[in-house]
Each structure stands twice: as structure tokens, then as C-alpha cells.
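Novice: Data file start.cif (mmCIF, C-alpha atoms) is appended below.
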```
data_run
loop_
_atom_site.label_atom_id
_atom_site.label_comp_id
_atom_site.auth_asym_id
_atom_site.auth_seq_id
_atom_site.Cartn_x
_atom_site.Cartn_y
_atom_site.Cartn_z
CA MET A 118 -44.01 -43.22 20.88
CA LYS A 119 -46.80 -40.92 19.74
CA LYS A 120 -48.76 -41.84 22.86
CA PHE A 121 -45.73 -41.19 25.05
CA SER A 122 -45.07 -37.82 23.36
CA TYR A 123 -48.69 -36.82 23.86
CA LEU A 124 -48.60 -37.72 27.56
CA ALA A 125 -45.34 -35.80 27.99
CA PHE A 126 -46.95 -32.80 26.31
CA LEU A 127 -49.90 -32.96 28.70
CA LEU A 128 -47.55 -33.20 31.68
CA VAL A 129 -45.55 -30.15 30.59
CA LEU A 130 -48.77 -28.23 29.95
CA ALA A 131 -50.11 -29.10 33.42
CA LEU A 132 -46.87 -28.07 35.08
CA SER A 133 -46.89 -24.79 33.16
CA VAL A 134 -50.44 -24.03 34.33
CA MET A 135 -49.55 -24.89 37.95
CA ILE A 136 -46.44 -22.71 37.89
CA GLY A 137 -48.40 -19.87 36.32
CA CYS A 138 -51.14 -20.10 38.93
CA SER A 139 -48.59 -20.27 41.70
CA SER A 140 -46.81 -17.24 40.33
CA ASN A 141 -50.08 -15.33 40.06
CA ASP A 142 -51.01 -16.33 43.61
CA ASP A 143 -47.61 -15.18 44.88
CA GLN A 144 -47.97 -11.89 43.04
CA ALA A 145 -51.49 -11.41 44.36
CA SER A 146 -50.34 -12.25 47.87
CA GLU A 147 -47.42 -9.85 47.55
CA SER A 148 -49.75 -7.11 46.25
CA GLU A 149 -52.16 -7.68 49.13
CA GLU A 150 -49.30 -7.54 51.63
CA LYS A 151 -48.04 -4.30 50.14
CA ALA A 152 -51.56 -2.85 50.24
CA GLU A 153 -51.94 -3.83 53.88
CA THR A 154 -48.65 -2.25 54.93
CA LYS A 155 -48.79 0.78 52.62
CA GLU A 156 -47.55 3.86 54.43
CA THR A 157 -49.02 7.36 54.24
CA GLU A 158 -48.56 9.24 51.00
CA PHE A 159 -47.85 12.96 51.24
CA PRO A 160 -49.16 15.56 50.75
CA LEU A 161 -51.99 14.43 53.01
CA THR A 162 -55.22 16.15 54.09
CA VAL A 163 -57.11 14.98 57.19
CA THR A 164 -59.99 16.24 59.32
CA ASP A 165 -59.45 16.14 63.07
CA ALA A 166 -61.90 15.80 65.98
CA THR A 167 -62.73 19.52 65.88
CA ASP A 168 -63.60 19.33 62.16
CA ASN A 169 -60.48 21.29 61.29
CA GLU A 170 -58.98 20.30 57.95
CA LEU A 171 -55.21 19.98 58.02
CA THR A 172 -52.85 19.46 55.09
CA PHE A 173 -49.42 17.96 55.63
CA GLU A 174 -46.86 18.35 52.84
CA LYS A 175 -44.61 15.79 54.53
CA LYS A 176 -44.53 13.79 57.73
CA ALA A 177 -43.69 15.78 60.85
CA GLU A 178 -40.07 15.84 62.00
CA LYS A 179 -40.60 17.86 65.20
CA ILE A 180 -43.59 16.94 67.40
CA VAL A 181 -44.89 18.38 70.67
CA SER A 182 -47.48 16.42 72.64
CA VAL A 183 -49.61 18.32 75.15
CA LEU A 184 -51.29 15.24 76.60
CA PRO A 185 -49.80 12.11 78.26
CA SER A 186 -52.08 9.73 76.34
CA ASN A 187 -50.96 11.12 72.97
CA THR A 188 -47.37 10.98 74.14
CA GLU A 189 -47.73 7.27 74.88
CA ILE A 190 -49.31 6.72 71.46
CA ALA A 191 -46.51 8.63 69.72
CA PHE A 192 -43.78 6.65 71.46
CA ALA A 193 -45.58 3.38 70.69
CA LEU A 194 -45.55 4.45 67.03
CA GLY A 195 -41.77 4.74 67.22
CA LEU A 196 -41.59 8.55 67.16
CA ASP A 197 -38.99 8.95 69.90
CA ASP A 198 -36.65 11.04 67.73
CA GLU A 199 -39.45 13.24 66.43
CA ILE A 200 -40.90 14.11 69.85
CA ILE A 201 -39.26 17.29 71.14
CA GLY A 202 -41.72 18.41 73.83
CA VAL A 203 -44.15 16.87 76.34
CA THR A 204 -45.94 17.93 79.52
CA SER A 205 -44.48 17.59 83.01
CA LEU A 206 -47.21 15.02 83.66
CA ASP A 207 -45.77 12.60 81.12
CA ASN A 208 -44.18 9.67 82.95
CA TYR A 209 -44.22 6.87 80.37
CA PRO A 210 -42.18 5.65 78.70
CA LYS A 211 -39.02 6.62 80.55
CA GLU A 212 -37.75 8.43 77.45
CA ALA A 213 -40.68 10.86 77.72
CA THR A 214 -39.34 12.17 81.03
CA GLU A 215 -36.15 13.20 79.26
CA LYS A 216 -37.90 15.50 76.78
CA GLU A 217 -38.38 19.26 77.04
CA THR A 218 -41.47 20.14 79.10
CA ILE A 219 -44.10 22.62 77.92
CA GLY A 220 -46.33 22.90 81.00
CA ASP A 221 -48.77 20.60 82.77
CA PHE A 222 -52.56 20.89 82.64
CA GLN A 223 -51.94 24.42 81.43
CA ILE A 224 -49.88 24.70 78.27
CA ASN A 225 -47.00 27.15 78.15
CA VAL A 226 -47.89 28.47 74.71
CA GLU A 227 -44.73 30.54 74.39
CA LYS A 228 -42.59 27.50 75.14
CA VAL A 229 -44.42 25.40 72.56
CA ILE A 230 -43.99 28.07 69.88
CA SER A 231 -40.30 28.53 70.74
CA LEU A 232 -39.65 24.85 69.99
CA GLU A 233 -40.90 25.43 66.42
CA PRO A 234 -42.63 22.06 66.04
CA ASP A 235 -44.15 20.83 62.78
CA LEU A 236 -47.00 19.24 64.70
CA VAL A 237 -48.74 19.57 68.07
CA LEU A 238 -50.77 16.61 69.33
CA ALA A 239 -53.81 17.42 71.51
CA ASP A 240 -57.31 16.17 72.23
CA GLU A 241 -60.70 17.79 72.84
CA SER A 242 -60.00 18.31 76.54
CA VAL A 243 -57.13 20.73 75.89
CA ASP A 244 -57.78 24.48 76.25
CA GLU A 245 -58.96 25.68 72.85
CA ASP A 246 -57.66 29.24 73.35
CA ALA A 247 -54.14 27.91 73.89
CA LEU A 248 -54.41 25.75 70.78
CA ASP A 249 -55.65 28.72 68.74
CA GLN A 250 -52.61 30.72 69.79
CA ILE A 251 -50.40 27.90 68.59
CA ARG A 252 -52.31 27.73 65.30
CA ASP A 253 -51.87 31.50 64.90
CA ALA A 254 -48.12 30.85 64.92
CA ASP A 255 -48.60 28.70 61.78
CA ILE A 256 -48.08 25.44 63.66
CA GLN A 257 -50.24 22.44 62.76
CA VAL A 258 -52.40 21.26 65.68
CA LEU A 259 -53.99 17.82 65.43
CA VAL A 260 -56.85 17.27 67.87
CA VAL A 261 -57.99 13.69 68.43
CA LYS A 262 -61.28 12.76 70.05
CA THR A 263 -61.30 12.40 73.84
CA ALA A 264 -61.78 8.65 73.78
CA GLU A 265 -64.38 6.90 75.91
CA ASN A 266 -64.06 3.43 74.39
CA PHE A 267 -61.50 1.22 72.69
CA ASP A 268 -62.70 2.00 69.15
CA GLU A 269 -62.06 5.69 69.75
CA VAL A 270 -58.58 4.87 71.04
CA TYR A 271 -57.90 2.91 67.86
CA ASP A 272 -59.14 5.89 65.82
CA ALA A 273 -56.75 8.22 67.66
CA ILE A 274 -53.82 5.85 67.14
CA HIS A 275 -54.58 5.58 63.41
CA LEU A 276 -55.04 9.33 62.92
CA ILE A 277 -51.73 10.10 64.63
CA GLY A 278 -50.13 7.24 62.71
CA GLU A 279 -51.46 8.60 59.44
CA VAL A 280 -50.10 12.13 59.79
CA THR A 281 -46.74 10.88 61.07
CA GLY A 282 -46.26 8.27 58.36
CA THR A 283 -46.48 5.32 60.73
CA THR A 284 -49.70 3.61 59.65
CA GLU A 285 -48.09 0.16 59.60
CA GLN A 286 -47.14 0.46 63.26
CA ALA A 287 -50.60 1.86 64.08
CA ASP A 288 -52.18 -1.24 62.53
CA LYS A 289 -49.90 -3.48 64.58
CA ILE A 290 -50.71 -1.68 67.83
CA GLU A 291 -54.44 -2.03 67.21
CA SER A 292 -54.24 -5.71 66.27
CA ASP A 293 -52.11 -6.47 69.34
CA MET A 294 -54.55 -4.66 71.62
CA GLU A 295 -57.56 -6.37 70.06
CA GLU A 296 -55.95 -9.79 70.34
CA LYS A 297 -55.00 -9.36 74.01
CA LEU A 298 -58.39 -7.88 74.90
CA ALA A 299 -60.24 -10.71 73.16
CA SER A 300 -58.13 -13.27 75.00
CA LEU A 301 -58.86 -11.55 78.31
CA SER A 302 -62.59 -11.33 77.59
CA ASP A 303 -62.68 -15.02 76.73
CA LYS A 304 -60.96 -15.84 80.01
CA VAL A 305 -63.44 -13.96 82.19
CA ALA A 306 -66.49 -15.03 80.17
CA GLU A 307 -66.71 -18.19 82.29
CA ILE A 308 -67.60 -16.10 85.35
CA GLU A 309 -71.28 -16.85 86.01
CA GLU A 310 -71.76 -14.31 88.83
CA PRO A 311 -69.92 -11.07 88.00
CA LYS A 312 -68.48 -9.19 90.98
CA SER A 313 -69.73 -5.68 91.78
CA VAL A 314 -66.90 -3.17 91.90
CA TYR A 315 -66.63 0.33 93.36
CA VAL A 316 -63.69 2.30 91.96
CA GLU A 317 -62.48 5.26 94.00
CA ILE A 318 -60.29 7.65 92.06
CA SER A 319 -59.66 10.19 94.83
CA PRO A 320 -59.47 9.75 98.62
CA ALA A 321 -61.53 11.37 101.39
CA PRO A 322 -62.74 13.94 102.12
CA GLU A 323 -63.76 14.48 98.49
CA THR A 324 -64.25 11.00 97.08
CA TYR A 325 -64.91 10.55 93.38
CA THR A 326 -65.71 7.44 91.41
CA ALA A 327 -65.97 6.34 87.77
CA GLY A 328 -69.45 6.15 86.30
CA LYS A 329 -70.65 5.36 82.79
CA ASN A 330 -68.96 6.91 79.75
CA THR A 331 -65.53 6.50 81.35
CA PHE A 332 -62.75 4.16 80.43
CA ILE A 333 -62.85 2.47 83.80
CA ASN A 334 -66.50 1.59 83.21
CA THR A 335 -65.68 0.32 79.71
CA ILE A 336 -62.89 -1.89 81.07
CA LEU A 337 -65.14 -3.30 83.79
CA GLU A 338 -67.66 -4.27 81.14
CA LYS A 339 -64.93 -5.93 79.09
CA ILE A 340 -63.78 -8.05 82.03
CA ASN A 341 -67.28 -9.18 83.05
CA ALA A 342 -67.55 -7.08 86.21
CA GLU A 343 -70.35 -4.77 87.34
CA ASN A 344 -69.61 -1.13 88.06
CA SER A 345 -71.38 -0.24 91.32
CA ALA A 346 -71.56 3.35 90.08
CA GLY A 347 -72.56 2.37 86.56
CA ASP A 348 -75.82 4.30 86.75
CA LEU A 349 -73.94 7.56 87.42
CA GLU A 350 -72.46 9.75 84.71
CA GLY A 351 -68.77 10.51 84.19
CA TRP A 352 -66.68 11.15 87.30
CA PRO A 353 -69.22 11.93 90.07
CA GLN A 354 -68.47 12.79 93.67
CA VAL A 355 -70.02 10.28 96.08
CA ASN A 356 -70.58 10.23 99.82
CA GLU A 357 -70.18 7.38 102.31
CA GLU A 358 -73.90 6.65 102.40
CA ALA A 359 -74.04 6.16 98.63
CA VAL A 360 -71.27 3.55 98.75
CA ILE A 361 -72.88 1.81 101.73
CA GLU A 362 -76.01 1.47 99.63
CA MET A 363 -73.94 0.04 96.76
CA ASP A 364 -72.26 -2.50 99.09
CA PRO A 365 -69.71 -3.60 96.48
CA ASP A 366 -67.97 -6.97 96.43
CA ILE A 367 -64.67 -5.30 95.52
CA ILE A 368 -63.22 -1.85 96.16
CA ILE A 369 -60.54 -0.56 93.79
CA THR A 370 -58.49 2.56 94.45
CA THR A 371 -56.34 4.35 91.88
CA TYR A 372 -54.39 6.80 94.03
CA GLY A 373 -51.57 4.65 95.37
CA SER A 374 -49.02 6.85 93.62
CA TYR A 375 -49.69 9.74 96.01
CA VAL A 376 -51.39 8.17 99.06
CA GLU A 377 -49.03 6.12 101.22
CA ASP A 378 -51.51 3.39 102.15
CA PRO A 379 -54.68 3.47 100.02
CA ILE A 380 -56.00 0.23 101.56
CA LYS A 381 -55.82 1.74 105.06
CA GLU A 382 -57.50 4.85 103.66
CA ILE A 383 -60.56 2.66 103.02
CA THR A 384 -60.48 0.41 106.10
CA ASP A 385 -60.15 3.39 108.47
CA ARG A 386 -63.61 4.60 107.51
CA LYS A 387 -65.72 3.34 110.39
CA ALA A 388 -68.96 3.77 108.46
CA TRP A 389 -67.70 1.24 105.91
CA SER A 390 -66.73 -1.51 108.35
CA ASP A 391 -69.73 -3.65 107.37
CA LEU A 392 -69.24 -3.34 103.62
CA THR A 393 -68.84 -6.72 101.94
CA ALA A 394 -65.55 -5.67 100.33
CA VAL A 395 -64.12 -4.43 103.64
CA LYS A 396 -65.20 -7.48 105.66
CA ASN A 397 -63.73 -9.82 103.03
CA LYS A 398 -60.56 -7.69 102.63
CA GLU A 399 -61.24 -7.28 98.92
CA ILE A 400 -59.60 -3.87 98.52
CA TYR A 401 -56.93 -3.31 95.88
CA ASP A 402 -54.99 -0.42 94.40
CA VAL A 403 -54.27 -0.32 90.66
CA ASN A 404 -52.13 1.95 88.51
CA GLU A 405 -54.27 4.97 87.65
CA ASP A 406 -52.52 5.59 84.32
CA LEU A 407 -53.21 2.07 83.08
CA VAL A 408 -56.98 2.34 83.53
CA SER A 409 -57.59 5.97 82.61
CA ARG A 410 -55.16 6.98 79.85
CA PRO A 411 -56.67 6.24 76.44
CA GLY A 412 -53.60 4.72 74.87
CA PRO A 413 -51.80 1.46 74.06
CA ARG A 414 -51.44 0.39 77.71
CA LEU A 415 -55.19 0.21 78.41
CA VAL A 416 -55.17 -3.55 77.89
CA GLU A 417 -52.57 -3.80 80.67
CA GLY A 418 -54.99 -1.87 82.86
CA ALA A 419 -57.78 -4.30 81.98
CA GLU A 420 -55.53 -7.23 82.91
CA GLU A 421 -54.57 -5.61 86.22
CA LEU A 422 -58.21 -5.02 87.13
CA ALA A 423 -59.22 -8.53 86.10
CA LYS A 424 -56.48 -10.09 88.24
CA ALA A 425 -57.59 -8.03 91.25
CA ILE A 426 -61.26 -8.89 90.82
CA TYR A 427 -60.93 -12.53 89.74
CA PRO A 428 -57.58 -13.70 91.16
CA ASP A 429 -58.50 -17.39 90.98
CA LEU A 430 -58.67 -17.19 87.18
CA PHE A 431 -55.06 -16.00 87.04
CA ALA A 432 -53.62 -18.16 89.82
CA ASN A 433 -51.50 -20.09 87.35
#
```
Written as C-alpha cells, how would this file's structure read?

Specialist:
Amino acid sequence: MKKFSYLAFLLVLALSVMIGCSSNDDQASESEEKAETKETEFPLTVTDATDNELTFEKKAEKIVSVLPSNTEIAFALGLDDEIIGVTSLDNYPKEATEKETIGDFQINVEKVISLEPDLVLADESVDEDALDQIRDADIQVLVVKTAENFDEVYDAIHLIGEVTGTTEQADKIESDMEEKLASLSDKVAEIEEPKSVYVEISPAPETYTAGKNTFINTILEKINAENSAGDLEGWPQVNEEAVIEMDPDIIITTYGSYVEDPIKEITDRKAWSDLTAVKNKEIYDVNEDLVSRPGPRLVEGAEELAKAIYPDLFAN
């Protein structure tokens, strides 16, 4: 009996230790989960891309976006109700087209101020004088960096998420983008001979392409393709002779939204009749917004480009 009692005691003790450890593990797991999804605490002070320090007593309830990319980020963060003004250039999502407009490339400062927003979302490309006028009206202006790579897009998403109290959603957007991009990169990694690609972002007579330090170049690198204009900087103008010298395998256009037949635009150029891309009919138009707006849809742009360049990989 003594032996049985002793064994029973040991069994109870072991169970108690196991339950205690399990409880501690659950508590630790719960604490970690709460830490991971912890939302912004206000008041909050941040430094934006222009080194301006901004203090927010509470999350913004009325937001104006003066840039389509920031508008897309804000909607992806679930800020539909908070957004009260956008530019006339904003075309995604559909709900953005139903908002009050505050100008296009040029901001209507008076209109912005009249809406009395708590927050204006901009980036470094926006006219600084216009932003200063808005600041002078005691309106908070958050300027994010003009992104040239995916990490800078993630930074913009997180900064906007932080000041709007949507950090959990910002984390989810980044993780989703990273996962899809990694999957796409893995898929195209098997390509042993990358295709050379010339991207034309405006039609003749003034043709421009995407060089290095652009998102199109970054995407091409991600999908294992060579940018024929990769040795040029930014968005350079190019002539017919320069493209003939490049002799790309693929030609991509991004102006199908305002040119009726972008493929014909290319094939009608007699000087280009012997280009490899033209002879092989490897000319495709992609959605300009998907490959140039630094926002959540950039991965869709990468997928669209990859399918155009390496269709056999996506046949199924």
C-alpha cells in the first residue's frame, strides 16, 4: 500500500508539473501573440521621410491622400471610412473614385484645407510648397519615402499603418506580399537563360523606358529577367537606334489604357522590323499601375510581367 501511495503521489506530481508547464507555455504563447498584434499606442511621435517630427494625440479620423500609391495603401489598411479626399488620378480601389477630389498632379491646397483633415498622406515627389501651405493650416502632413524597392514600400505601409492605428493590418499586408513574391521568385529561378526585356512607358514620338532605380527594374530583377535599359538611370528617353542596339527578346508596353493598340504602335515602326521581339511577336502590354505604383498591388504587377515573359511557366 505504501508503495502504491508513493507511486500515486509521483503520478500526481508529474501531472501537476505538466499542467503547469502547459499553462506557462499557453500564457507565453498568448503574450507573444498579443505582442505581435499590438496596435499603436497614442499619443505617438514619428519622424517622416523629410525628417519632420510629427506627434499624433490620437489616430486620424479624417484623411486626405494626395498620391494614388498612398491611397491604395490606406484602403488596403481598411481606412475606407477615414479617407475623405483623394486625387482625380486615383482609380483603385473602386471606392476611391467615389471620394472627394483635391486635384491631380497639382494639389488644390484650398480644397484640402476646406476638408479639415486630421492627416494628409504624401511622399517626397509631392510639391513641398503646397505641403507647407497645408502645414501652415495646422494640418498634419505625413511624407513617406518615394519608394524604389520593396523594402521601402513595406516601410511606407508600416509608417502609415502606425499613425492610423492599423499596424496589425500593415504586418499582414507585408507578410502576404513577401510570401507571394518569394513564391514567384522560386518559380522563375529555374530559368537558366533569362530573357532580355525592353519596357516602353510612353509611345512615339517621345519614347521613354525604365532604367535602374525604378520599380520596373526591381520587378524584372525579382522575376529573373534582364532589363535591356538596366544600365540607364531612372526614366530616360530613348531613340529607335538605341533599342535596335539592345535587340530585346521581349518588348513590354505600359500605355494600353490610353493607346488603342499598343502592340501595333510597336510593329508599325519599320526600323524595328528586324528586332528579335518583333520577329517573334513577343510584344505585350501590362497594366501601368501594377508595375509602377509603390503599393500593395506591386506583386500582382510582378506576376503579370512574369506571365508575359515566361508564359510556359504559367501554362497550367

Novice: Would you translate the PyMOL selection byres ((chain A and resi 185) around 12) into the concrete set of residues it matches in this file, as a compact mmCIF listing (two decimals) with C-alpha atoms, keeping the file's coordinate frame?

Specialist:
```
# COMPACT_ATOMS: atom_id res chain seq x y z
CA VAL A 181 -44.89 18.38 70.67
CA SER A 182 -47.48 16.42 72.64
CA VAL A 183 -49.61 18.32 75.15
CA LEU A 184 -51.29 15.24 76.60
CA SER A 186 -52.08 9.73 76.34
CA ASN A 187 -50.96 11.12 72.97
CA THR A 188 -47.37 10.98 74.14
CA GLU A 189 -47.73 7.27 74.88
CA ILE A 190 -49.31 6.72 71.46
CA ALA A 191 -46.51 8.63 69.72
CA PHE A 192 -43.78 6.65 71.46
CA GLY A 202 -41.72 18.41 73.83
CA VAL A 203 -44.15 16.87 76.34
CA THR A 204 -45.94 17.93 79.52
CA SER A 205 -44.48 17.59 83.01
CA LEU A 206 -47.21 15.02 83.66
CA ASP A 207 -45.77 12.60 81.12
CA ASN A 208 -44.18 9.67 82.95
CA TYR A 209 -44.22 6.87 80.37
CA PRO A 210 -42.18 5.65 78.70
CA ALA A 213 -40.68 10.86 77.72
CA THR A 214 -39.34 12.17 81.03
CA THR A 218 -41.47 20.14 79.10
CA ILE A 219 -44.10 22.62 77.92
CA GLY A 220 -46.33 22.90 81.00
CA ASP A 221 -48.77 20.60 82.77
CA PHE A 222 -52.56 20.89 82.64
CA LEU A 238 -50.77 16.61 69.33
CA ALA A 239 -53.81 17.42 71.51
CA ASP A 240 -57.31 16.17 72.23
CA VAL A 243 -57.13 20.73 75.89
CA ASP A 406 -52.52 5.59 84.32
CA LEU A 407 -53.21 2.07 83.08
CA SER A 409 -57.59 5.97 82.61
CA ARG A 410 -55.16 6.98 79.85
CA PRO A 411 -56.67 6.24 76.44
CA GLY A 412 -53.60 4.72 74.87
CA PRO A 413 -51.80 1.46 74.06
CA ARG A 414 -51.44 0.39 77.71
```

Novice: Using the chain letters and numbers from the file, which residues does the PyMOL selection byres ((chain A and resi 402) around 6) grab, as a ChimeraX atom specification?

Specialist: /A:369-371,401,403

Novice: What do you get, as JSON, numbers by chain, if you spell out every residue that the PyMOL selection byres ((chain A and resi 425-432) around 9) selects here?

Specialist: {"A": [304, 305, 308, 312, 314, 342, 366, 367, 369, 399, 400, 401, 402, 403, 420, 421, 422, 423, 424, 433]}

Novice: Dig up all the protein and nucleic acid residues within 10 Å of (-47.6, 7.8, 55.4) in the file frame, using only C-alpha atoms, and format them as a VMD selection string.

Specialist: chain A and resid 155 to 161 175 to 176 278 to 285

Novice: If we count only C-alpha atoms and set the cut-off at 12 Å, which residues sit around Tyr271 in chain A, ignoring sequence neighbours fewer than 2 positions away in its own chain? Please answer as number ranges by chain.

Specialist: A: 187, 190, 261-269, 273-278, 284, 286-295, 411-413, 415

Novice: As a ChimeraX atom specification, please: the residues near Tyr375 in chain A (cut-off 12 Å, only C-alpha atoms, same-chain neighbours under 3 positions excluded).

Specialist: /A:318-320,370-372,378-379,382,402,404-405

Novice: For Asn356 in chain A, list every protein, DNA or RNA residue within 9 Å, evaluated using all atoms listed in the file, and leave out those in the same chain fewer than 5 positions away; present the list as a list in words.

Specialist: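 These residues fall inside the cut-off: Pro322, Glu323, Thr324, Tyr325 and Ile361 of chain A.
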
Novice: From the options A:Gln223, A:Glu178, A:Arg252, A:Glu241, which residue's atoms come nearest to Leu196 in chain A, counting only C-alpha atoms?

Specialist: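 Nearest candidate to Leu196 in chain A out of A:Gln223, A:Glu178, A:Arg252, A:Glu241: A:Glu178.
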
Novice: Would you mind listing what lies within 9 Å of Asn344 in chain A as a list of chain:residue names, with all atoms listed in the file counted and same-chain residues fewer than 2 positions away left out?

Specialist: A:Lys312, A:Ser313, A:Val314, A:Tyr315, A:Val316, A:Ala327, A:Gly328, A:Lys329, A:Ile333, A:Asn334, A:Leu337, A:Glu338, A:Ala342, A:Ala346, A:Gly347, A:Asp348, A:Pro365

Novice: Keeping C-alpha atoms, export the residues of the selection given above as a short mmCIF file (atom, residue, chain, number, x, y, z; two decimals), in the frame of the given file.

Specialist:
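Listed below is the output, selection.cif:
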```cif
data_model
loop_
_atom_site.label_atom_id
_atom_site.label_comp_id
_atom_site.auth_asym_id
_atom_site.auth_seq_id
_atom_site.Cartn_x
_atom_site.Cartn_y
_atom_site.Cartn_z
CA LYS A 312 -68.48 -9.19 90.98
CA SER A 313 -69.73 -5.68 91.78
CA VAL A 314 -66.90 -3.17 91.90
CA TYR A 315 -66.63 0.33 93.36
CA VAL A 316 -63.69 2.30 91.96
CA ALA A 327 -65.97 6.34 87.77
CA GLY A 328 -69.45 6.15 86.30
CA LYS A 329 -70.65 5.36 82.79
CA ILE A 333 -62.85 2.47 83.80
CA ASN A 334 -66.50 1.59 83.21
CA LEU A 337 -65.14 -3.30 83.79
CA GLU A 338 -67.66 -4.27 81.14
CA ALA A 342 -67.55 -7.08 86.21
CA ALA A 346 -71.56 3.35 90.08
CA GLY A 347 -72.56 2.37 86.56
CA ASP A 348 -75.82 4.30 86.75
CA PRO A 365 -69.71 -3.60 96.48
#
```
